[in-house]
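Structure data (mmCIF, C-alpha atoms) from entry_35.cif:
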data_entry
#
loop_
_atom_site.group_PDB
_atom_site.id
_atom_site.type_symbol
_atom_site.label_atom_id
_atom_site.label_comp_id
_atom_site.auth_asym_id
_atom_site.auth_seq_id
_atom_site.Cartn_x
_atom_site.Cartn_y
_atom_site.Cartn_z
ATOM 1 C CA MET A 1 -4.049 4.377 12.887
ATOM 2 C CA PRO A 2 -6.219 7.366 11.770
ATOM 3 C CA GLN A 3 -8.016 5.143 9.266
ATOM 4 C CA LYS A 4 -8.873 2.600 11.989
ATOM 5 C CA ARG A 5 -10.190 5.354 14.238
ATOM 6 C CA SER A 6 -12.272 6.754 11.394
ATOM 7 C CA SER A 7 -13.832 3.366 10.666
ATOM 8 C CA GLU A 8 -14.610 2.906 14.382
ATOM 9 C CA ASP A 9 -16.273 6.328 14.485
ATOM 10 C CA LEU A 10 -18.294 5.481 11.391
ATOM 11 C CA ARG A 11 -19.329 2.111 12.836
ATOM 12 C CA THR A 12 -20.403 3.793 16.095
ATOM 13 C CA GLU A 13 -22.362 6.442 14.226
ATOM 14 C CA LEU A 14 -24.153 3.877 12.062
ATOM 15 C CA GLN A 15 -24.979 1.741 15.120
ATOM 16 C CA SER A 16 -26.414 4.786 16.868
ATOM 17 C CA LEU A 17 -28.516 5.571 13.791
ATOM 18 C CA ALA A 18 -29.782 1.988 13.666
ATOM 19 C CA ASP A 19 -30.668 2.099 17.377
ATOM 20 C CA THR A 20 -32.596 5.346 16.946
ATOM 21 C CA LEU A 21 -34.486 4.035 13.934
ATOM 22 C CA GLU A 22 -35.286 0.835 15.808
ATOM 23 C CA GLU A 23 -36.617 2.896 18.715
ATOM 24 C CA VAL A 24 -38.816 4.895 16.342
ATOM 25 C CA LEU A 25 -40.209 1.736 14.756
ATOM 26 C CA ASN A 26 -40.756 -0.200 17.985
ATOM 27 C CA ASP A 27 -42.223 2.583 20.084
ATOM 28 C CA SER A 28 -44.267 4.460 17.499
ATOM 29 C CA GLY A 29 -47.579 3.262 18.948
ATOM 30 C CA GLU A 30 -46.668 4.186 22.520
ATOM 31 C CA LYS A 31 -45.254 7.668 21.992
ATOM 32 C CA SER A 32 -47.042 10.981 21.693
ATOM 33 C CA LYS A 33 -46.873 12.967 18.501
ATOM 34 C CA ALA A 34 -44.344 15.385 20.038
ATOM 35 C CA GLU A 35 -42.088 12.516 21.153
ATOM 36 C CA LEU A 36 -42.305 10.895 17.723
ATOM 37 C CA GLU A 37 -41.416 14.186 16.046
ATOM 38 C CA LYS A 38 -38.417 14.558 18.371
ATOM 39 C CA LEU A 39 -37.254 11.005 17.545
ATOM 40 C CA ARG A 40 -37.833 11.631 13.845
ATOM 41 C CA SER A 41 -35.726 14.799 13.954
ATOM 42 C CA LYS A 42 -32.989 12.953 15.823
ATOM 43 C CA ALA A 43 -33.052 10.122 13.266
ATOM 44 C CA GLU A 44 -32.921 12.587 10.341
ATOM 45 C CA LYS A 45 -29.925 14.388 11.873
ATOM 46 C CA MET A 46 -28.136 11.106 12.502
ATOM 47 C CA LEU A 47 -28.863 9.952 8.953
ATOM 48 C CA LYS A 48 -27.454 13.210 7.572
ATOM 49 C CA ASP A 49 -24.342 12.835 9.746
ATOM 50 C CA ALA A 50 -23.908 9.207 8.659
ATOM 51 C CA ARG A 51 -24.177 10.185 4.986
ATOM 52 C CA ASN A 52 -21.562 12.902 5.482
ATOM 53 C CA ALA A 53 -19.255 10.451 7.258
ATOM 54 C CA LEU A 54 -19.673 7.917 4.441
ATOM 55 C CA ASN A 55 -18.959 10.565 1.811
ATOM 56 C CA ASN A 56 -15.836 11.666 3.701
ATOM 57 C CA ALA A 57 -14.678 8.056 4.035
ATOM 58 C CA ASN A 58 -15.276 7.533 0.315
ATOM 59 C CA ASP A 59 -13.298 10.660 -0.578
ATOM 60 C CA LYS A 60 -10.452 9.527 1.680
ATOM 61 C CA LEU A 61 -10.454 6.071 0.088
ATOM 62 C CA VAL A 62 -10.354 7.543 -3.422
ATOM 63 C CA ASP A 63 -7.436 9.805 -2.473
ATOM 64 C CA GLN A 64 -5.515 6.896 -0.906
ATOM 65 C CA THR A 65 -6.152 4.690 -3.943
ATOM 66 C CA LYS A 66 -4.894 7.405 -6.288
ATOM 67 C CA GLU A 67 -1.790 7.877 -4.156
ATOM 68 C CA ILE A 68 -1.036 4.141 -4.102
ATOM 69 C CA ALA A 69 -1.619 3.850 -7.844
ATOM 70 C CA GLY A 70 0.742 6.779 -8.419
ATOM 71 C CA ARG A 71 3.428 5.159 -6.284
ATOM 72 C CA ALA A 72 3.013 1.856 -8.121
ATOM 73 C CA ASP A 73 3.221 3.654 -11.460
ATOM 74 C CA ASN A 74 6.403 5.454 -10.416
ATOM 75 C CA TYR A 75 7.941 2.204 -9.162
ATOM 76 C CA VAL A 76 7.187 0.380 -12.407
ATOM 77 C CA ARG A 77 8.581 3.280 -14.460
ATOM 78 C CA ASP A 78 11.763 3.288 -12.363
ATOM 79 C CA ASN A 79 12.090 -0.525 -12.323
ATOM 80 C CA PRO A 80 10.426 -1.848 -15.497
ATOM 81 C CA TRP A 81 11.942 -5.334 -15.402
ATOM 82 C CA THR A 82 11.018 -5.826 -11.781
ATOM 83 C CA GLY A 83 7.462 -4.834 -12.700
ATOM 84 C CA VAL A 84 7.440 -7.349 -15.547
ATOM 85 C CA GLY A 85 8.723 -10.059 -13.188
ATOM 86 C CA ILE A 86 6.104 -9.279 -10.569
ATOM 87 C CA GLY A 87 3.379 -9.277 -13.218
ATOM 88 C CA ALA A 88 4.554 -12.627 -14.547
ATOM 89 C CA ALA A 89 4.678 -14.120 -11.048
ATOM 90 C CA VAL A 90 1.158 -12.918 -10.296
ATOM 91 C CA GLY A 91 -0.001 -14.351 -13.616
ATOM 92 C CA VAL A 92 1.536 -17.748 -12.837
ATOM 93 C CA VAL A 93 -0.012 -17.822 -9.369
ATOM 94 C CA LEU A 94 -3.433 -16.878 -10.730
ATOM 95 C CA GLY A 95 -3.093 -19.459 -13.493
ATOM 96 C CA VAL A 96 -2.293 -22.203 -11.000
ATOM 97 C CA LEU A 97 -5.169 -21.191 -8.727
ATOM 98 C CA LEU A 98 -7.662 -21.014 -11.585
ATOM 99 C CA SER A 99 -6.530 -24.302 -13.100
ATOM 100 C CA ARG A 100 -7.298 -26.103 -9.826
ATOM 101 C CA ARG A 101 -10.991 -25.367 -10.188
#
Spell out the structure here as structure tokens.
Amino acid sequence: MPQKRSSEDLRTELQSLADTLEEVLNDSGEKSKAELEKLRSKAEKMLKDARNALNNANDKLVDQTKEIAGRADNYVRDNPWTGVGIGAAVGVVLGVLLSRR
């Protein structure tokens, strides 16, 4: 569940950034210099926050991938013949799917 919440937060943050940038682009002719500078600052802050959120999500994904790979490695080491059987089954399935093309 935490991963789903994190992706929702990231989606919300990126949508907010897009809305702010759209406002800057659409209203640039109608706003005063002070208002444009305020919008620009807001957009820069949101962009920085979005980059940080993306970097955090990337770090989390890398950590999860390493953990899953470690578990798979341990499983195959503990059950080598099961790993060979699974690999063979995946190979057969891929072969059948590719031969249909």
Report task. Decode the PyMOL selection byres ((chain A and resi 17) around 8) for the given file into explicit residues and return them as number ranges by chain. Result -> A: 13-16, 18-21, 43, 46-47, 50
Report task. Would you write out, as a PyMOL selection string, every residue that the PyMOL selection byres ((chain A and resi 24) around 12) captures in this file? Result -> chain A and resi 17-23+25-33+35-44
Same residues, C-alpha atoms, saved as a PDB file, in the coordinates of the input:
ATOM      1  CA  LEU A  17     -28.516   5.571  13.791  1.00  0.00           C
ATOM      2  CA  ALA A  18     -29.782   1.988  13.666  1.00  0.00           C
ATOM      3  CA  ASP A  19     -30.668   2.099  17.377  1.00  0.00           C
ATOM      4  CA  THR A  20     -32.596   5.346  16.946  1.00  0.00           C
ATOM      5  CA  LEU A  21     -34.486   4.035  13.934  1.00  0.00           C
ATOM      6  CA  GLU A  22     -35.286   0.835  15.808  1.00  0.00           C
ATOM      7  CA  GLU A  23     -36.617   2.896  18.715  1.00  0.00           C
ATOM      8  CA  LEU A  25     -40.209   1.736  14.756  1.00  0.00           C
ATOM      9  CA  ASN A  26     -40.756  -0.200  17.985  1.00  0.00           C
ATOM     10  CA  ASP A  27     -42.223   2.583  20.084  1.00  0.00           C
ATOM     11  CA  SER A  28     -44.267   4.460  17.499  1.00  0.00           C
ATOM     12  CA  GLY A  29     -47.579   3.262  18.948  1.00  0.00           C
ATOM     13  CA  GLU A  30     -46.668   4.186  22.520  1.00  0.00           C
ATOM     14  CA  LYS A  31     -45.254   7.668  21.992  1.00  0.00           C
ATOM     15  CA  SER A  32     -47.042  10.981  21.693  1.00  0.00           C
ATOM     16  CA  LYS A  33     -46.873  12.967  18.501  1.00  0.00           C
ATOM     17  CA  GLU A  35     -42.088  12.516  21.153  1.00  0.00           C
ATOM     18  CA  LEU A  36     -42.305  10.895  17.723  1.00  0.00           C
ATOM     19  CA  GLU A  37     -41.416  14.186  16.046  1.00  0.00           C
ATOM     20  CA  LYS A  38     -38.417  14.558  18.371  1.00  0.00           C
ATOM     21  CA  LEU A  39     -37.254  11.005  17.545  1.00  0.00           C
ATOM     22  CA  ARG A  40     -37.833  11.631  13.845  1.00  0.00           C
ATOM     23  CA  SER A  41     -35.726  14.799  13.954  1.00  0.00           C
ATOM     24  CA  LYS A  42     -32.989  12.953  15.823  1.00  0.00           C
ATOM     25  CA  ALA A  43     -33.052  10.122  13.266  1.00  0.00           C
ATOM     26  CA  GLU A  44     -32.921  12.587  10.341  1.00  0.00           C
TER      27      GLU A  44
END
Report summary line: CA of Ala72 (chain A) to CA of Leu54 (chain A) measures 26.6 Å
Query raised in the report: Quick one: distance from CA of Gly70 (chain A) to CA of Ile86 (chain A) in Å, one decimal?
Result: 17.1 Å
Query raised in the report: What does the distance from CA of Ser99 (chain A) to CA of Pro80 (chain A) come to in Å, to one decimal?
Result: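 Atom-to-atom, CA of Ser99 (chain A) and CA of Pro80 (chain A) are spaced 28.2 Å apart.
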Draw an axis-aligned box over all listed atoms of region 45-50 of chain A, pad each side with 4 Å, and write its centre and edge lengths in Å, one decimal, as AutoDock Vina command-line options.
--center_x -26.9 --center_y 11.8 --center_z 10.0 --size_x 14.0 --size_y 13.2 --size_z 12.9
Requested in this report: Find the residue from A:Leu97, A:Ala34, A:Ala89, A:Asp49 that sits nearest to Thr12 (chain A); use only C-alpha atoms when measuring.
Outcome: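 Looking only at the distances to Thr12 (chain A), the closest residue turns out to be A:Asp49.
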Complete region 53-64 of chain A at the level of all heavy atoms, written as a short mmCIF file (atom, residue, chain, number, x, y, z; two decimals), keeping the file's coordinate frame.
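Produced file result03.cif, reproduced below:
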data_model
loop_
_atom_site.label_atom_id
_atom_site.label_comp_id
_atom_site.auth_asym_id
_atom_site.auth_seq_id
_atom_site.Cartn_x
_atom_site.Cartn_y
_atom_site.Cartn_z
N ALA A 53 -20.40 11.27 6.87
CA ALA A 53 -19.26 10.45 7.26
C ALA A 53 -18.91 9.45 6.16
O ALA A 53 -17.73 9.23 5.86
CB ALA A 53 -19.55 9.73 8.57
N LEU A 54 -19.92 8.86 5.54
CA LEU A 54 -19.67 7.92 4.44
C LEU A 54 -19.05 8.62 3.24
O LEU A 54 -18.14 8.09 2.60
CB LEU A 54 -20.97 7.22 4.03
CG LEU A 54 -21.47 6.14 4.98
CD1 LEU A 54 -22.87 5.67 4.56
CD2 LEU A 54 -20.52 4.96 5.01
N ASN A 55 -19.54 9.81 2.93
CA ASN A 55 -18.96 10.56 1.81
C ASN A 55 -17.50 10.92 2.09
O ASN A 55 -16.65 10.84 1.21
CB ASN A 55 -19.77 11.83 1.54
CG ASN A 55 -21.08 11.54 0.83
OD1 ASN A 55 -21.22 10.53 0.16
ND2 ASN A 55 -22.04 12.42 1.00
N ASN A 56 -17.22 11.33 3.33
CA ASN A 56 -15.84 11.67 3.70
C ASN A 56 -14.94 10.43 3.62
O ASN A 56 -13.81 10.51 3.15
CB ASN A 56 -15.78 12.28 5.10
CG ASN A 56 -16.39 13.66 5.16
OD1 ASN A 56 -16.54 14.33 4.15
ND2 ASN A 56 -16.77 14.08 6.35
N ALA A 57 -15.46 9.30 4.10
CA ALA A 57 -14.68 8.06 4.04
C ALA A 57 -14.43 7.67 2.58
O ALA A 57 -13.33 7.22 2.23
CB ALA A 57 -15.40 6.94 4.78
N ASN A 58 -15.43 7.85 1.73
CA ASN A 58 -15.28 7.53 0.32
C ASN A 58 -14.23 8.43 -0.33
O ASN A 58 -13.37 7.96 -1.08
CB ASN A 58 -16.62 7.68 -0.40
CG ASN A 58 -16.54 7.29 -1.86
OD1 ASN A 58 -15.98 6.25 -2.20
ND2 ASN A 58 -17.11 8.11 -2.72
N ASP A 59 -14.28 9.72 -0.02
CA ASP A 59 -13.30 10.66 -0.58
C ASP A 59 -11.88 10.29 -0.13
O ASP A 59 -10.94 10.32 -0.92
CB ASP A 59 -13.61 12.10 -0.14
CG ASP A 59 -14.88 12.63 -0.78
OD1 ASP A 59 -15.37 12.03 -1.76
OD2 ASP A 59 -15.41 13.65 -0.29
N LYS A 60 -11.75 9.91 1.14
CA LYS A 60 -10.45 9.53 1.68
C LYS A 60 -9.93 8.28 0.98
O LYS A 60 -8.76 8.18 0.62
CB LYS A 60 -10.58 9.25 3.18
CG LYS A 60 -9.44 9.70 4.01
CD LYS A 60 -9.67 9.37 5.46
CE LYS A 60 -9.90 10.62 6.25
NZ LYS A 60 -9.95 10.39 7.69
N LEU A 61 -10.83 7.31 0.75
CA LEU A 61 -10.45 6.07 0.09
C LEU A 61 -10.01 6.33 -1.35
O LEU A 61 -9.01 5.77 -1.81
CB LEU A 61 -11.62 5.08 0.11
CG LEU A 61 -11.37 3.72 -0.51
CD1 LEU A 61 -10.26 2.99 0.24
CD2 LEU A 61 -12.64 2.89 -0.48
N VAL A 62 -10.72 7.20 -2.04
CA VAL A 62 -10.35 7.54 -3.42
C VAL A 62 -8.98 8.20 -3.45
O VAL A 62 -8.13 7.85 -4.28
CB VAL A 62 -11.43 8.47 -4.06
CG1 VAL A 62 -10.93 9.08 -5.35
CG2 VAL A 62 -12.71 7.69 -4.31
N ASP A 63 -8.74 9.13 -2.53
CA ASP A 63 -7.44 9.80 -2.47
C ASP A 63 -6.30 8.81 -2.19
O ASP A 63 -5.24 8.87 -2.81
CB ASP A 63 -7.43 10.90 -1.41
CG ASP A 63 -8.31 12.09 -1.79
OD1 ASP A 63 -8.65 12.22 -2.99
OD2 ASP A 63 -8.66 12.87 -0.89
N GLN A 64 -6.53 7.89 -1.24
CA GLN A 64 -5.52 6.90 -0.91
C GLN A 64 -5.25 5.96 -2.08
O GLN A 64 -4.11 5.62 -2.35
CB GLN A 64 -5.93 6.09 0.32
CG GLN A 64 -5.89 6.88 1.60
CD GLN A 64 -6.45 6.11 2.79
OE1 GLN A 64 -7.10 5.09 2.63
NE2 GLN A 64 -6.21 6.62 3.98
#
